[in-house]
Amino acid sequence: MNTLVLQTQKVSLFYGERQALFDISLDVPKHSVVALIGPSGCGKTSYLRLFNRMNDLISNTSVTGGVYFHDQNIYAKSVDVVKLRRKIGMVFQKTNPFPKSMFDNVAYGPRAHGVFYKNKLQEIVERSLKQAALWDEVKDHLYESALTLSGGQQQRLCIARTLAVEPEVILMDEPASALDPISTQKIEELILQLKQKYTIVIVTHNLQQAARISDYTAFFYLGEMIECEKTEVMFTNPKMKRTQDYVTGRFG
Amino acid sequence: MALQVLLFKEFTKKMQFNFYTFKKVEEKIALVILSGITFFILFVLGALIYFLFKNGIHVFSVEFFTQFPRAGMTEGGIFPAMVGTCYLTLGAIVVSMPLGILTAIYLEEYARPGWWLNLTYLAINNLAGVPSIVFGLFGLALFVKYFEFQTSILSGALTLACLVLPIIIRASQEAISQVGQELRHGALALGTTRWYMIRTVVLPQAWPGILTGNIISVGRAAGETAAILFTAVAYFYPKLPTSLLEPVMALPYHLYVIATSGLDLDKTRPLAYGTALVLILLVLMINAVATVVRARHHLKMEKI
């Protein structure tokens, strides 16, 4: 059961001359939720973006060490980034639905990968929206603009859009940080459900959120990973003083 | 002591009053100057159009728009010049639009910062600053002489295309860069290729902006004289062109001709005003189309 899906070994990330991450080693078991916490600028988002190579989009970045997806080093030359990103989806902090209809938003990924039959697309859209717990709210106006949805709905649409590609891993970069408490709760419930089928790595500023939804928590500070533990241990009995200070709110 | 305190309080009160009055006056002065200058610009355009209307509108007639010039340009119409300007502008845009848009896509979406990109920007900026007469001579050397297209629509359209290319590139780049980065990342994170992302997310969003920029450059091309002077236009050409390799008459050059030469000024002057009016109405119309395209897009974006 405890097979590793994602793994990093002594990975470091550089933005030009500046080193943003230092020798980070972390294992992500299958069907688990791993939360990355830490103060702003600690490198947790940069770390998350290693897994689908989104850092590549920033010029002048370089990576040392190994980032593995099922034992395959994803920074190897032979890796097709486009294929990799189908397997490792991402939900962003800022909701980013395309200015298209809800249907077209969810169908975007499948279409990009060559699904054109209307019936098949409809099936995928319905399944994805149901998985993202949005179907009941939007099923009667699927062809209206996605921009008419509320912030929380837009974020669930973005999750549905990611699910439509059938990834194995979902990376979430503070998916609820811009949402109200009720929408946040919905997203959290959703994450707990998605865990059964997907492996999730989530960056969050909200410590309670990390405690509620994650199996493992990794604490980042100034580009280093200070500690990674089972979540219940992390929040009750952390080994490192700095982790304790952070989770108890002494700094942050 | 008490008196001093009292005096001080009075003093600061007064100061404050003066200070805020001063700020208010300052604000008013700024508003008057800024709006005054803006209205002045409107006034210049208004005066120009009014002047041309007053002097040129009375020559407008069916004949003016459908006939060739006659009797040494003192009678008849400007039909061939209108047709010629349409051909030249259309030809220029057909060539420069794809080139310009594709270049803009490359520069915005693919090119990485570095000396190569800097060099490209330098080239585009300098191209935009080259005087149009230089473009004209360049066109003469390259298209008319070297490629032996002669003085023709083809040579003129290609020269105009070079002239408006930097404008089109810049306008398209501007429109493309307006598309939110988060949309690009959203698409790429779904495992799309860069080109698919550009085609399905960036271009649909940027298209109205690109189109607006292109339409405005049409206006620029339509009014250009120096670039076509040696490359495309004829002083007088007795028939409509039937191939790309024939010379044409064109509105700006025709205007230049009837305004500067001719023996009977009293007869040609009104025709010159009429031609100028047609030219400026053409440009205004093109800009109006650009505005409508943009406005319609905003409406559409609100709905879908």
# chains A, B, ... in the order shown; residues from 1 in each chain; ligands from 1

$ residues_around --residues "B:Gly129" --least-positions-apart "6" --cutoff "10 Å" --atoms "only C-alpha atoms" --output "PDB file with C-alpha atoms, in the first residue's frame"
ATOM      1  CA  ALA B 123      15.678  46.237 -34.778  1.00  0.00           C
ATOM      2  CA  LEU B 163       6.520  50.441 -42.943  1.00  0.00           C
ATOM      3  CA  PRO B 166       6.747  47.453 -36.504  1.00  0.00           C
TER       4      PRO B 166
END

$ residues_around --residues "A:Thr45" --least-positions-apart "3" --cutoff "7 Å" --atoms "only C-alpha atoms" --output "number ranges by chain"
A: 48-49, 173, 203

$ select_by_dssp --residues "stretch 87-196 of chain A" --states "helix (DSSP H, G or I)" --output "VMD selection string"
chain A and resid 87 102 to 112 118 to 131 135 to 141 146 to 148 151 to 163 181 to 194

$ closest_residue --among "A:Gly152, A:Leu171, A:Met54, A:Met102" --to "A:Asp140" --atoms "only C-alpha atoms"
A:Met102

$ interface_residues --of "chain B" --to "chain A" --cutoff "6 Å" --atoms "only C-alpha atoms" --output "short mmCIF file (atom, residue, chain, number, x, y, z; two decimals) with all heavy atoms, in the first residue's frame"
data_model
loop_
_atom_site.label_atom_id
_atom_site.label_comp_id
_atom_site.auth_asym_id
_atom_site.auth_seq_id
_atom_site.Cartn_x
_atom_site.Cartn_y
_atom_site.Cartn_z
N LEU B 183 -3.61 32.20 -16.74
CA LEU B 183 -4.33 31.39 -17.72
C LEU B 183 -3.36 30.50 -18.48
O LEU B 183 -3.63 29.33 -18.75
CB LEU B 183 -5.10 32.27 -18.70
CG LEU B 183 -6.24 33.10 -18.10
CD1 LEU B 183 -6.94 33.89 -19.19
CD2 LEU B 183 -7.23 32.21 -17.37
N ALA B 189 -0.36 23.51 -17.18
CA ALA B 189 -0.41 22.53 -16.08
C ALA B 189 -1.32 21.36 -16.42
O ALA B 189 -1.26 20.31 -15.78
CB ALA B 189 -0.86 23.21 -14.79
N LEU B 190 -2.19 21.53 -17.42
CA LEU B 190 -3.05 20.42 -17.83
C LEU B 190 -2.34 19.52 -18.84
O LEU B 190 -2.93 18.58 -19.36
CB LEU B 190 -4.35 20.95 -18.45
CG LEU B 190 -5.31 21.63 -17.47
CD1 LEU B 190 -6.40 22.36 -18.22
CD2 LEU B 190 -5.91 20.61 -16.53
N GLY B 191 -1.10 19.83 -19.12
CA GLY B 191 -0.36 18.99 -20.05
C GLY B 191 -0.64 19.34 -21.50
O GLY B 191 -0.83 18.45 -22.33
N THR B 192 -0.69 20.63 -21.80
CA THR B 192 -0.84 21.01 -23.20
C THR B 192 0.51 21.50 -23.71
O THR B 192 1.35 21.93 -22.93
CB THR B 192 -1.84 22.18 -23.37
OG1 THR B 192 -1.32 23.32 -22.67
CG2 THR B 192 -3.19 21.81 -22.82
N ILE B 304 -20.02 35.89 -22.17
CA ILE B 304 -19.48 34.50 -22.11
C ILE B 304 -18.20 34.46 -21.28
O ILE B 304 -17.40 35.35 -21.34
CB ILE B 304 -19.25 33.97 -23.56
CG1 ILE B 304 -20.04 32.68 -23.77
CG2 ILE B 304 -17.81 33.82 -23.92
CD1 ILE B 304 -19.52 31.45 -23.11
#

$ residues_around --residues "B:Leu244" --least-positions-apart "4" --cutoff "8 Å" --atoms "only C-alpha atoms" --output "VMD selection string"
chain B and resid 152 to 154

$ write_last_selection --atoms "N, CA and C atoms" --output "mmCIF file, in the first residue's frame"
data_model
loop_
_atom_site.group_PDB
_atom_site.id
_atom_site.type_symbol
_atom_site.label_atom_id
_atom_site.label_comp_id
_atom_site.auth_asym_id
_atom_site.auth_seq_id
_atom_site.Cartn_x
_atom_site.Cartn_y
_atom_site.Cartn_z
ATOM 1 N N SER B 152 4.821 49.521 -59.209
ATOM 2 C CA SER B 152 3.614 48.710 -59.283
ATOM 3 C C SER B 152 2.935 48.591 -57.926
ATOM 4 N N ILE B 153 1.705 48.069 -57.968
ATOM 5 C CA ILE B 153 0.977 47.814 -56.726
ATOM 6 C C ILE B 153 1.798 46.913 -55.823
ATOM 7 N N LEU B 154 2.406 45.882 -56.416
ATOM 8 C CA LEU B 154 3.179 44.924 -55.639
ATOM 9 C C LEU B 154 4.317 45.611 -54.881
#

$ closest_residue --among "B:Tyr110, B:Gly76, B:Ala30, B:Glu10" --to "B:Gly274" --atoms "only C-alpha atoms"
B:Gly76

$ select_by_dssp --residues "stretch 27-258 of chain B" --states "strand (DSSP E)" --output "PyMOL selection string"
chain B and resi 69-70+75-76

$ write_last_selection --atoms "all heavy atoms" --output "PDB file, in the first residue's frame"
ATOM      1  N   PRO B  69     -10.031  61.717 -63.195  1.00  0.00           N
ATOM      2  CA  PRO B  69      -9.751  63.152 -63.343  1.00  0.00           C
ATOM      3  C   PRO B  69      -9.722  63.513 -64.834  1.00  0.00           C
ATOM      4  O   PRO B  69      -9.339  62.686 -65.662  1.00  0.00           O
ATOM      5  CB  PRO B  69      -8.355  63.304 -62.730  1.00  0.00           C
ATOM      6  CG  PRO B  69      -8.097  62.054 -61.971  1.00  0.00           C
ATOM      7  CD  PRO B  69      -8.916  60.977 -62.593  1.00  0.00           C
ATOM      8  N   ARG B  70     -10.166  64.703 -65.115  1.00  0.00           N
ATOM      9  CA  ARG B  70     -10.185  65.148 -66.510  1.00  0.00           C
ATOM     10  C   ARG B  70      -9.569  66.524 -66.632  1.00  0.00           C
ATOM     11  O   ARG B  70      -9.395  67.223 -65.635  1.00  0.00           O
ATOM     12  CB  ARG B  70     -11.643  65.237 -67.011  1.00  0.00           C
ATOM     13  CG  ARG B  70     -12.297  63.915 -67.349  1.00  0.00           C
ATOM     14  CD  ARG B  70     -13.591  64.182 -68.144  1.00  0.00           C
ATOM     15  NE  ARG B  70     -14.402  65.241 -67.558  1.00  0.00           N
ATOM     16  CZ  ARG B  70     -15.373  65.023 -66.674  1.00  0.00           C
ATOM     17  NH1 ARG B  70     -15.634  63.799 -66.271  1.00  0.00           N
ATOM     18  NH2 ARG B  70     -16.065  66.018 -66.183  1.00  0.00           N
ATOM     19  N   GLU B  75     -11.026  68.848 -63.486  1.00  0.00           N
ATOM     20  CA  GLU B  75     -12.407  68.366 -63.471  1.00  0.00           C
ATOM     21  C   GLU B  75     -12.415  66.880 -63.172  1.00  0.00           C
ATOM     22  O   GLU B  75     -11.381  66.244 -63.079  1.00  0.00           O
ATOM     23  CB  GLU B  75     -13.079  68.623 -64.826  1.00  0.00           C
ATOM     24  CG  GLU B  75     -13.458  70.062 -65.075  1.00  0.00           C
ATOM     25  CD  GLU B  75     -13.921  70.266 -66.515  1.00  0.00           C
ATOM     26  OE1 GLU B  75     -14.567  69.340 -67.054  1.00  0.00           O
ATOM     27  OE2 GLU B  75     -13.603  71.311 -67.076  1.00  0.00           O
ATOM     28  N   GLY B  76     -13.606  66.348 -63.081  1.00  0.00           N
ATOM     29  CA  GLY B  76     -13.727  64.910 -62.870  1.00  0.00           C
ATOM     30  C   GLY B  76     -13.552  64.520 -61.416  1.00  0.00           C
ATOM     31  O   GLY B  76     -13.650  65.363 -60.520  1.00  0.00           O
TER      32      GLY B  76
END

$ residues_around --residues "A:Ile37" --least-positions-apart "5" --cutoff "10 Å" --atoms "only C-alpha atoms" --output "MDAnalysis selection string"
chainID A and resid 42:45 202:207 210 217:221 225 243 246:247

$ decode --residues "stretch 155-179 of chain A" --atoms "N, CA, C and O atoms" --output "PDB file, in the first residue's frame"
ATOM      1  N   GLN A 155     -12.973  27.781  -8.032  1.00  0.00           N
ATOM      2  CA  GLN A 155     -11.859  26.928  -7.622  1.00  0.00           C
ATOM      3  C   GLN A 155     -12.229  25.452  -7.790  1.00  0.00           C
ATOM      4  O   GLN A 155     -11.413  24.650  -8.236  1.00  0.00           O
ATOM      5  N   ARG A 156     -13.473  25.105  -7.474  1.00  0.00           N
ATOM      6  CA  ARG A 156     -13.875  23.707  -7.667  1.00  0.00           C
ATOM      7  C   ARG A 156     -13.934  23.365  -9.159  1.00  0.00           C
ATOM      8  O   ARG A 156     -13.641  22.239  -9.562  1.00  0.00           O
ATOM      9  N   LEU A 157     -14.285  24.378  -9.973  1.00  0.00           N
ATOM     10  CA  LEU A 157     -14.254  24.141 -11.424  1.00  0.00           C
ATOM     11  C   LEU A 157     -12.814  23.865 -11.873  1.00  0.00           C
ATOM     12  O   LEU A 157     -12.572  22.980 -12.702  1.00  0.00           O
ATOM     13  N   CYS A 158     -11.886  24.614 -11.316  1.00  0.00           N
ATOM     14  CA  CYS A 158     -10.478  24.391 -11.677  1.00  0.00           C
ATOM     15  C   CYS A 158     -10.033  23.005 -11.236  1.00  0.00           C
ATOM     16  O   CYS A 158      -9.244  22.347 -11.922  1.00  0.00           O
ATOM     17  N   ILE A 159     -10.546  22.560 -10.082  1.00  0.00           N
ATOM     18  CA  ILE A 159     -10.223  21.205  -9.637  1.00  0.00           C
ATOM     19  C   ILE A 159     -10.833  20.185 -10.608  1.00  0.00           C
ATOM     20  O   ILE A 159     -10.166  19.241 -11.029  1.00  0.00           O
ATOM     21  N   ALA A 160     -12.082  20.425 -11.008  1.00  0.00           N
ATOM     22  CA  ALA A 160     -12.730  19.530 -11.975  1.00  0.00           C
ATOM     23  C   ALA A 160     -11.945  19.493 -13.283  1.00  0.00           C
ATOM     24  O   ALA A 160     -11.766  18.444 -13.900  1.00  0.00           O
ATOM     25  N   ARG A 161     -11.459  20.651 -13.684  1.00  0.00           N
ATOM     26  CA  ARG A 161     -10.685  20.746 -14.917  1.00  0.00           C
ATOM     27  C   ARG A 161      -9.421  19.894 -14.815  1.00  0.00           C
ATOM     28  O   ARG A 161      -9.010  19.232 -15.772  1.00  0.00           O
ATOM     29  N   THR A 162      -8.807  19.923 -13.635  1.00  0.00           N
ATOM     30  CA  THR A 162      -7.612  19.107 -13.416  1.00  0.00           C
ATOM     31  C   THR A 162      -7.962  17.619 -13.416  1.00  0.00           C
ATOM     32  O   THR A 162      -7.253  16.800 -13.995  1.00  0.00           O
ATOM     33  N   LEU A 163      -9.104  17.280 -12.761  1.00  0.00           N
ATOM     34  CA  LEU A 163      -9.501  15.877 -12.667  1.00  0.00           C
ATOM     35  C   LEU A 163      -9.848  15.292 -14.032  1.00  0.00           C
ATOM     36  O   LEU A 163      -9.645  14.106 -14.272  1.00  0.00           O
ATOM     37  N   ALA A 164     -10.349  16.141 -14.928  1.00  0.00           N
ATOM     38  CA  ALA A 164     -10.795  15.663 -16.234  1.00  0.00           C
ATOM     39  C   ALA A 164      -9.666  15.020 -17.027  1.00  0.00           C
ATOM     40  O   ALA A 164      -9.902  14.219 -17.923  1.00  0.00           O
ATOM     41  N   VAL A 165      -8.440  15.381 -16.706  1.00  0.00           N
ATOM     42  CA  VAL A 165      -7.283  14.818 -17.401  1.00  0.00           C
ATOM     43  C   VAL A 165      -6.861  13.479 -16.792  1.00  0.00           C
ATOM     44  O   VAL A 165      -6.002  12.794 -17.320  1.00  0.00           O
ATOM     45  N   GLU A 166      -7.520  13.121 -15.684  1.00  0.00           N
ATOM     46  CA  GLU A 166      -7.203  11.891 -14.953  1.00  0.00           C
ATOM     47  C   GLU A 166      -5.745  11.799 -14.557  1.00  0.00           C
ATOM     48  O   GLU A 166      -5.013  10.905 -14.973  1.00  0.00           O
ATOM     49  N   PRO A 167      -5.312  12.724 -13.730  1.00  0.00           N
ATOM     50  CA  PRO A 167      -3.927  12.671 -13.250  1.00  0.00           C
ATOM     51  C   PRO A 167      -3.809  11.646 -12.129  1.00  0.00           C
ATOM     52  O   PRO A 167      -4.813  11.120 -11.661  1.00  0.00           O
ATOM     53  N   GLU A 168      -2.592  11.369 -11.729  1.00  0.00           N
ATOM     54  CA  GLU A 168      -2.390  10.515 -10.556  1.00  0.00           C
ATOM     55  C   GLU A 168      -2.176  11.350  -9.310  1.00  0.00           C
ATOM     56  O   GLU A 168      -2.539  10.973  -8.217  1.00  0.00           O
ATOM     57  N   VAL A 169      -1.527  12.484  -9.550  1.00  0.00           N
ATOM     58  CA  VAL A 169      -1.170  13.356  -8.431  1.00  0.00           C
ATOM     59  C   VAL A 169      -1.814  14.716  -8.672  1.00  0.00           C
ATOM     60  O   VAL A 169      -1.891  15.174  -9.811  1.00  0.00           O
ATOM     61  N   ILE A 170      -2.305  15.337  -7.606  1.00  0.00           N
ATOM     62  CA  ILE A 170      -2.775  16.710  -7.732  1.00  0.00           C
ATOM     63  C   ILE A 170      -1.940  17.587  -6.803  1.00  0.00           C
ATOM     64  O   ILE A 170      -1.850  17.319  -5.597  1.00  0.00           O
ATOM     65  N   LEU A 171      -1.317  18.602  -7.386  1.00  0.00           N
ATOM     66  CA  LEU A 171      -0.573  19.570  -6.596  1.00  0.00           C
ATOM     67  C   LEU A 171      -1.491  20.745  -6.334  1.00  0.00           C
ATOM     68  O   LEU A 171      -2.136  21.243  -7.248  1.00  0.00           O
ATOM     69  N   MET A 172      -1.581  21.174  -5.100  1.00  0.00           N
ATOM     70  CA  MET A 172      -2.454  22.303  -4.792  1.00  0.00           C
ATOM     71  C   MET A 172      -1.655  23.396  -4.104  1.00  0.00           C
ATOM     72  O   MET A 172      -1.024  23.163  -3.087  1.00  0.00           O
ATOM     73  N   ASP A 173      -1.700  24.580  -4.694  1.00  0.00           N
ATOM     74  CA  ASP A 173      -0.943  25.702  -4.157  1.00  0.00           C
ATOM     75  C   ASP A 173      -1.905  26.648  -3.443  1.00  0.00           C
ATOM     76  O   ASP A 173      -2.518  27.491  -4.081  1.00  0.00           O
ATOM     77  N   GLU A 174      -2.031  26.486  -2.142  1.00  0.00           N
ATOM     78  CA  GLU A 174      -2.966  27.290  -1.359  1.00  0.00           C
ATOM     79  C   GLU A 174      -4.319  27.435  -2.049  1.00  0.00           C
ATOM     80  O   GLU A 174      -4.752  28.541  -2.347  1.00  0.00           O
ATOM     81  N   PRO A 175      -4.990  26.332  -2.290  1.00  0.00           N
ATOM     82  CA  PRO A 175      -6.206  26.383  -3.111  1.00  0.00           C
ATOM     83  C   PRO A 175      -7.350  27.129  -2.440  1.00  0.00           C
ATOM     84  O   PRO A 175      -8.291  27.536  -3.111  1.00  0.00           O
ATOM     85  N   ALA A 176      -7.285  27.297  -1.125  1.00  0.00           N
ATOM     86  CA  ALA A 176      -8.423  27.918  -0.446  1.00  0.00           C
ATOM     87  C   ALA A 176      -8.068  29.265   0.162  1.00  0.00           C
ATOM     88  O   ALA A 176      -8.877  29.856   0.866  1.00  0.00           O
ATOM     89  N   SER A 177      -6.869  29.764  -0.122  1.00  0.00           N
ATOM     90  CA  SER A 177      -6.434  30.953   0.617  1.00  0.00           C
ATOM     91  C   SER A 177      -7.236  32.194   0.250  1.00  0.00           C
ATOM     92  O   SER A 177      -7.297  33.149   1.004  1.00  0.00           O
ATOM     93  N   ALA A 178      -7.862  32.190  -0.926  1.00  0.00           N
ATOM     94  CA  ALA A 178      -8.612  33.386  -1.326  1.00  0.00           C
ATOM     95  C   ALA A 178     -10.116  33.185  -1.133  1.00  0.00           C
ATOM     96  O   ALA A 178     -10.906  33.970  -1.631  1.00  0.00           O
ATOM     97  N   LEU A 179     -10.497  32.120  -0.418  1.00  0.00           N
ATOM     98  CA  LEU A 179     -11.923  31.791  -0.343  1.00  0.00           C
ATOM     99  C   LEU A 179     -12.491  32.042   1.053  1.00  0.00           C
ATOM    100  O   LEU A 179     -11.763  32.070   2.043  1.00  0.00           O
TER     101      LEU A 179
END
